[in-house]
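*Asks:* Below are the structure tokens for one structure; questions will follow.
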Amino acid sequence: LVEVMAPFDDAPAMRVSFEAENGLRHEYPLRLPIVATSFMEPVTLEPGAFMQRWKSLEGQDRECQEVVKTASNASIDEDCMKRIRTIMTDGLKFGRCPGCDPTPWTVSGAATFRTGAKDVNGNNINVGCLVRVEANPQAGAFRVTTRTLHPLCSRAVKNVAVVSIKLA
């Protein structure tokens, strides 16, 4: 069982060390198979609420963005967008926010990054997260944009989304 205390953008590291019966010491650095989106709780927002929060989180420190090209033989079509929606909900653990965009080539989602850290009142500290994946079928690319109040959280969600899209 793992509880996160603060946003992170790289897999947590640990070192396993032991001494064998023969006195030989072994040490193995490991990366835990954990990503930031493992600690998300999906949130579904109405289009107006999503766009209001999206606009309130504008700013360089709060937004992270990257363009992902598809493989040369891959096309962006309805089936591809269905996979992106599945990545959003099942992989990233974001709630879908349908109706935010007038185009079928954009997927928007919201989630809360849950931590075990406490604020001064003893309440858990949580970070609201928004993500948009915008497809450009003609260019064969996706633009992934994340916005949160915490820059590290924005970067972490963007990184996991980009890797997930590349693997899809």
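To be explicit about the labels: the chains of the structure tokens are called A, B, and onward in the order shown, and within each one the residues are counted from 1, while ligands get numbers from 1 in the order they are shown.
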I'd like the contact shell of stretch 83-86 of chain A - 8 Å cut-off, only C-alpha atoms, skipping same-chain residues fewer than 3 positions apart - returned as a list of chain:residue names.

*Replies:*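 The residues satisfying every condition are A:Asp79, A:Cys80, A:Thr89, A:Asp90, A:Gly91, A:Arg96, A:Val107, A:Ile165, A:Ala168.
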
*Asks:* Mind writing the picked residues with C-alpha atoms as a PDB file, in the first residue's frame?

*Replies:*
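Output below, filename part-v7.pdb:
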```pdb
ATOM      1  CA  ASP A  79     -11.702   4.462 -33.112  1.00  0.00           C
ATOM      2  CA  CYS A  80      -8.537   6.307 -32.139  1.00  0.00           C
ATOM      3  CA  THR A  89     -10.880   7.239 -17.806  1.00  0.00           C
ATOM      4  CA  ASP A  90      -9.261   3.840 -17.266  1.00  0.00           C
ATOM      5  CA  GLY A  91      -5.578   4.721 -17.525  1.00  0.00           C
ATOM      6  CA  ARG A  96     -14.800  12.583 -18.616  1.00  0.00           C
ATOM      7  CA  VAL A 107     -11.363  14.937 -24.952  1.00  0.00           C
ATOM      8  CA  ILE A 165      -1.049   8.094 -25.987  1.00  0.00           C
ATOM      9  CA  ALA A 168      -2.032   3.382 -27.606  1.00  0.00           C
TER      10      ALA A 168
END
```

*Asks:* Hey, what's within 10 Å of A:Ser75 if we count only C-alpha atoms and toss same-chain stuff fewer than 6 positions away? As a PyMOL selection string, please?

*Replies:* chain A and resi 137-141

*Asks:* For the residues selected in the previous step, produce a file with all heavy atoms as a PDB file, in the first residue's frame.

*Replies:*
```pdb
ATOM      1  N   PRO A 137      -6.274  15.497 -36.855  1.00  0.00           N
ATOM      2  CA  PRO A 137      -6.133  14.374 -37.788  1.00  0.00           C
ATOM      3  C   PRO A 137      -5.283  14.702 -39.014  1.00  0.00           C
ATOM      4  O   PRO A 137      -4.522  13.852 -39.490  1.00  0.00           O
ATOM      5  CB  PRO A 137      -7.573  14.058 -38.189  1.00  0.00           C
ATOM      6  CG  PRO A 137      -8.415  14.595 -37.081  1.00  0.00           C
ATOM      7  CD  PRO A 137      -7.679  15.815 -36.589  1.00  0.00           C
ATOM      8  N   GLN A 138      -5.388  15.930 -39.531  1.00  0.00           N
ATOM      9  CA  GLN A 138      -4.623  16.292 -40.722  1.00  0.00           C
ATOM     10  C   GLN A 138      -3.122  16.289 -40.454  1.00  0.00           C
ATOM     11  O   GLN A 138      -2.327  15.884 -41.293  1.00  0.00           O
ATOM     12  CB  GLN A 138      -5.047  17.682 -41.246  1.00  0.00           C
ATOM     13  CG  GLN A 138      -6.465  17.743 -41.765  1.00  0.00           C
ATOM     14  CD  GLN A 138      -7.510  17.836 -40.643  1.00  0.00           C
ATOM     15  OE1 GLN A 138      -7.208  18.207 -39.520  1.00  0.00           O
ATOM     16  NE2 GLN A 138      -8.733  17.447 -40.963  1.00  0.00           N
ATOM     17  N   ALA A 139      -2.732  16.725 -39.264  1.00  0.00           N
ATOM     18  CA  ALA A 139      -1.307  16.767 -38.906  1.00  0.00           C
ATOM     19  C   ALA A 139      -0.838  15.459 -38.287  1.00  0.00           C
ATOM     20  O   ALA A 139       0.359  15.278 -38.064  1.00  0.00           O
ATOM     21  CB  ALA A 139      -1.051  17.917 -37.939  1.00  0.00           C
ATOM     22  N   GLY A 140      -1.772  14.563 -37.951  1.00  0.00           N
ATOM     23  CA  GLY A 140      -1.394  13.299 -37.313  1.00  0.00           C
ATOM     24  C   GLY A 140      -0.777  13.527 -35.944  1.00  0.00           C
ATOM     25  O   GLY A 140       0.236  12.922 -35.600  1.00  0.00           O
ATOM     26  N   ALA A 141      -1.408  14.415 -35.158  1.00  0.00           N
ATOM     27  CA  ALA A 141      -0.820  14.764 -33.865  1.00  0.00           C
ATOM     28  C   ALA A 141      -1.907  15.047 -32.825  1.00  0.00           C
ATOM     29  O   ALA A 141      -3.056  15.344 -33.160  1.00  0.00           O
ATOM     30  CB  ALA A 141       0.076  15.984 -34.018  1.00  0.00           C
TER      31      ALA A 141
END
```

*Asks:* Hey, can you check how far atom CA of A:Trp54 sits from atom CA of A:Thr103?

*Replies:* 17.3 Å

*Asks:* Just want the 8 Å neighbourhood of A:Asn136, counted on only C-alpha atoms, with same-chain residues fewer than 5 positions away dropped. Output as a list of chain:residue names.

*Replies:*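 In the requested form, the answer reads A:Ile76, A:Trp105, A:Ala141, A:Phe142.
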
*Asks:* At a cut-off of 12 Å, can you tabulate as a Markdown table every residue of stretch 3-57 of chain A near stretch 145-157 of chain A together with its closest atom pair and the distance in Å to one decimal, using only C-alpha atoms and ordering rows by chain then number?

*Replies:*
```
| residue | atom | partner | partner_atom | distance |
| --- | --- | --- | --- | --- |
| A:Ala6 | CA | A:Cys153 | CA | 8.8 |
| A:Pro7 | CA | A:Cys153 | CA | 5.3 |
| A:Phe8 | CA | A:Leu152 | CA | 6.2 |
| A:Asp9 | CA | A:Ala156 | CA | 4.2 |
| A:Asp10 | CA | A:Ala156 | CA | 7.4 |
| A:Ala11 | CA | A:Ala156 | CA | 9.9 |
| A:Ile34 | CA | A:Ala156 | CA | 11.4 |
| A:Val35 | CA | A:Ala156 | CA | 7.9 |
| A:Ala36 | CA | A:Ala156 | CA | 6.1 |
| A:Thr37 | CA | A:Val157 | CA | 6.5 |
| A:Ser38 | CA | A:Val157 | CA | 10.2 |
| A:Phe39 | CA | A:Val157 | CA | 10.8 |
| A:Met40 | CA | A:Val157 | CA | 9.8 |
| A:Phe50 | CA | A:Arg147 | CA | 11.4 |
| A:Met51 | CA | A:Arg147 | CA | 11.6 |
| A:Arg53 | CA | A:Arg147 | CA | 9.3 |
| A:Trp54 | CA | A:Arg147 | CA | 7.1 |
| A:Lys55 | CA | A:Arg147 | CA | 9.5 |
| A:Ser56 | CA | A:Arg147 | CA | 9.5 |
| A:Leu57 | CA | A:Arg147 | CA | 6.1 |
```

*Asks:* For the selection you just gave me, I'd like the residues written to a file as a short mmCIF file (atom, residue, chain, number, x, y, z; two decimals), in the first residue's frame, keeping all heavy atoms.

*Replies:*
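Contents of part_9.cif, as written:
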```
data_model
loop_
_atom_site.label_atom_id
_atom_site.label_comp_id
_atom_site.auth_asym_id
_atom_site.auth_seq_id
_atom_site.Cartn_x
_atom_site.Cartn_y
_atom_site.Cartn_z
N ALA A 6 2.98 14.20 -1.63
CA ALA A 6 3.14 15.41 -2.44
C ALA A 6 3.21 15.00 -3.90
O ALA A 6 3.56 13.86 -4.21
CB ALA A 6 4.42 16.15 -2.04
N PRO A 7 2.90 15.92 -4.82
CA PRO A 7 3.02 15.60 -6.25
C PRO A 7 4.45 15.21 -6.60
O PRO A 7 5.42 15.68 -5.99
CB PRO A 7 2.63 16.91 -6.93
CG PRO A 7 1.75 17.60 -5.95
CD PRO A 7 2.32 17.25 -4.61
N PHE A 8 4.57 14.34 -7.61
CA PHE A 8 5.88 13.90 -8.09
C PHE A 8 5.75 13.65 -9.59
O PHE A 8 4.67 13.35 -10.09
CB PHE A 8 6.34 12.63 -7.36
CG PHE A 8 5.44 11.45 -7.56
CD1 PHE A 8 5.71 10.50 -8.54
CD2 PHE A 8 4.31 11.27 -6.78
CE1 PHE A 8 4.88 9.41 -8.73
CE2 PHE A 8 3.47 10.19 -6.95
CZ PHE A 8 3.75 9.25 -7.94
N ASP A 9 6.86 13.79 -10.31
CA ASP A 9 6.80 13.57 -11.75
C ASP A 9 7.73 12.48 -12.25
O ASP A 9 7.85 12.25 -13.43
CB ASP A 9 7.06 14.87 -12.51
CG ASP A 9 8.47 15.39 -12.34
OD1 ASP A 9 9.16 14.93 -11.41
OD2 ASP A 9 8.89 16.25 -13.12
N ASP A 10 8.36 11.78 -11.33
CA ASP A 10 9.23 10.68 -11.69
C ASP A 10 8.91 9.51 -10.76
O ASP A 10 8.54 9.73 -9.59
CB ASP A 10 10.70 11.10 -11.54
CG ASP A 10 11.65 10.20 -12.30
OD1 ASP A 10 11.18 9.35 -13.09
OD2 ASP A 10 12.86 10.33 -12.11
N ALA A 11 9.04 8.30 -11.26
CA ALA A 11 8.73 7.13 -10.44
C ALA A 11 9.58 7.15 -9.16
O ALA A 11 10.79 7.42 -9.22
CB ALA A 11 9.00 5.85 -11.22
N ILE A 34 4.97 3.14 -10.10
CA ILE A 34 3.90 4.04 -9.65
C ILE A 34 4.02 5.36 -10.41
O ILE A 34 5.11 5.91 -10.53
CB ILE A 34 4.01 4.30 -8.13
CG1 ILE A 34 3.84 3.00 -7.35
CG2 ILE A 34 3.00 5.34 -7.69
CD1 ILE A 34 4.13 3.13 -5.88
N VAL A 35 2.90 5.84 -10.91
CA VAL A 35 2.86 7.14 -11.57
C VAL A 35 1.87 8.02 -10.82
O VAL A 35 1.02 7.53 -10.07
CB VAL A 35 2.48 7.02 -13.06
CG1 VAL A 35 3.56 6.28 -13.84
CG2 VAL A 35 1.14 6.33 -13.23
N ALA A 36 1.96 9.31 -11.05
CA ALA A 36 1.11 10.26 -10.32
C ALA A 36 -0.37 9.97 -10.48
O ALA A 36 -1.16 10.15 -9.55
CB ALA A 36 1.43 11.69 -10.77
N THR A 37 -0.77 9.52 -11.67
CA THR A 37 -2.20 9.29 -11.90
C THR A 37 -2.73 8.10 -11.10
O THR A 37 -3.94 7.90 -11.06
CB THR A 37 -2.50 9.12 -13.40
OG1 THR A 37 -1.69 8.06 -13.91
CG2 THR A 37 -2.22 10.41 -14.15
N SER A 38 -1.86 7.34 -10.45
CA SER A 38 -2.31 6.26 -9.57
C SER A 38 -3.09 6.81 -8.38
O SER A 38 -3.83 6.08 -7.72
CB SER A 38 -1.12 5.47 -9.04
OG SER A 38 -0.39 4.89 -10.08
N PHE A 39 -2.94 8.10 -8.10
CA PHE A 39 -3.55 8.71 -6.92
C PHE A 39 -4.68 9.67 -7.29
O PHE A 39 -5.05 10.53 -6.51
CB PHE A 39 -2.47 9.43 -6.11
CG PHE A 39 -1.35 8.51 -5.72
CD1 PHE A 39 -0.20 8.42 -6.49
CD2 PHE A 39 -1.47 7.68 -4.61
CE1 PHE A 39 0.82 7.54 -6.16
CE2 PHE A 39 -0.45 6.79 -4.27
CZ PHE A 39 0.68 6.72 -5.05
N MET A 40 -5.23 9.48 -8.49
CA MET A 40 -6.32 10.34 -8.96
C MET A 40 -7.67 9.77 -8.57
O MET A 40 -7.85 8.56 -8.53
CB MET A 40 -6.28 10.50 -10.48
CG MET A 40 -5.08 11.22 -11.01
SD MET A 40 -5.05 12.93 -10.47
CE MET A 40 -3.51 13.45 -11.17
N PHE A 50 -16.28 23.13 -16.03
CA PHE A 50 -14.95 22.76 -16.52
C PHE A 50 -14.26 23.97 -17.12
O PHE A 50 -13.10 24.26 -16.78
CB PHE A 50 -15.04 21.64 -17.56
CG PHE A 50 -13.69 21.23 -18.09
CD1 PHE A 50 -12.97 20.22 -17.48
CD2 PHE A 50 -13.13 21.87 -19.19
CE1 PHE A 50 -11.71 19.86 -17.94
CE2 PHE A 50 -11.88 21.51 -19.67
CZ PHE A 50 -11.17 20.50 -19.04
N MET A 51 -14.94 24.70 -18.02
CA MET A 51 -14.31 25.83 -18.69
C MET A 51 -13.98 26.95 -17.73
O MET A 51 -12.95 27.62 -17.87
CB MET A 51 -15.20 26.33 -19.84
CG MET A 51 -15.34 25.31 -20.98
SD MET A 51 -13.80 24.54 -21.54
CE MET A 51 -12.98 25.90 -22.33
N ARG A 53 -13.10 26.57 -14.55
CA ARG A 53 -11.88 26.13 -13.85
C ARG A 53 -10.68 26.16 -14.78
O ARG A 53 -9.58 26.52 -14.37
CB ARG A 53 -12.08 24.74 -13.25
CG ARG A 53 -13.07 24.75 -12.12
CD ARG A 53 -13.28 23.40 -11.53
NE ARG A 53 -14.40 23.43 -10.59
CZ ARG A 53 -14.73 22.47 -9.78
NH1 ARG A 53 -14.02 21.35 -9.77
NH2 ARG A 53 -15.75 22.58 -8.97
N TRP A 54 -10.90 25.75 -16.03
CA TRP A 54 -9.81 25.75 -17.02
C TRP A 54 -9.24 27.15 -17.17
O TRP A 54 -8.03 27.35 -17.13
CB TRP A 54 -10.34 25.22 -18.35
CG TRP A 54 -9.30 25.07 -19.41
CD1 TRP A 54 -9.06 25.92 -20.45
CD2 TRP A 54 -8.35 24.01 -19.53
NE1 TRP A 54 -8.02 25.44 -21.22
CE2 TRP A 54 -7.57 24.28 -20.68
CE3 TRP A 54 -8.08 22.86 -18.79
CZ2 TRP A 54 -6.55 23.43 -21.09
CZ3 TRP A 54 -7.06 22.02 -19.21
CH2 TRP A 54 -6.31 22.31 -20.34
N LYS A 55 -10.11 28.14 -17.32
CA LYS A 55 -9.65 29.52 -17.48
C LYS A 55 -9.00 30.05 -16.21
O LYS A 55 -8.05 30.84 -16.28
CB LYS A 55 -10.82 30.40 -17.92
CG LYS A 55 -11.22 30.12 -19.35
CD LYS A 55 -12.42 30.92 -19.79
CE LYS A 55 -12.74 30.55 -21.24
NZ LYS A 55 -14.10 30.78 -21.60
N SER A 56 -9.49 29.64 -15.05
CA SER A 56 -8.91 30.13 -13.79
C SER A 56 -7.50 29.57 -13.56
O SER A 56 -6.74 30.12 -12.76
CB SER A 56 -9.82 29.78 -12.61
OG SER A 56 -9.74 28.41 -12.29
N LEU A 57 -7.15 28.49 -14.25
CA LEU A 57 -5.83 27.89 -14.08
C LEU A 57 -4.85 28.27 -15.19
O LEU A 57 -3.81 27.65 -15.34
CB LEU A 57 -5.96 26.36 -14.00
CG LEU A 57 -6.61 25.82 -12.74
CD1 LEU A 57 -6.89 24.32 -12.88
CD2 LEU A 57 -5.75 26.09 -11.52
#
```
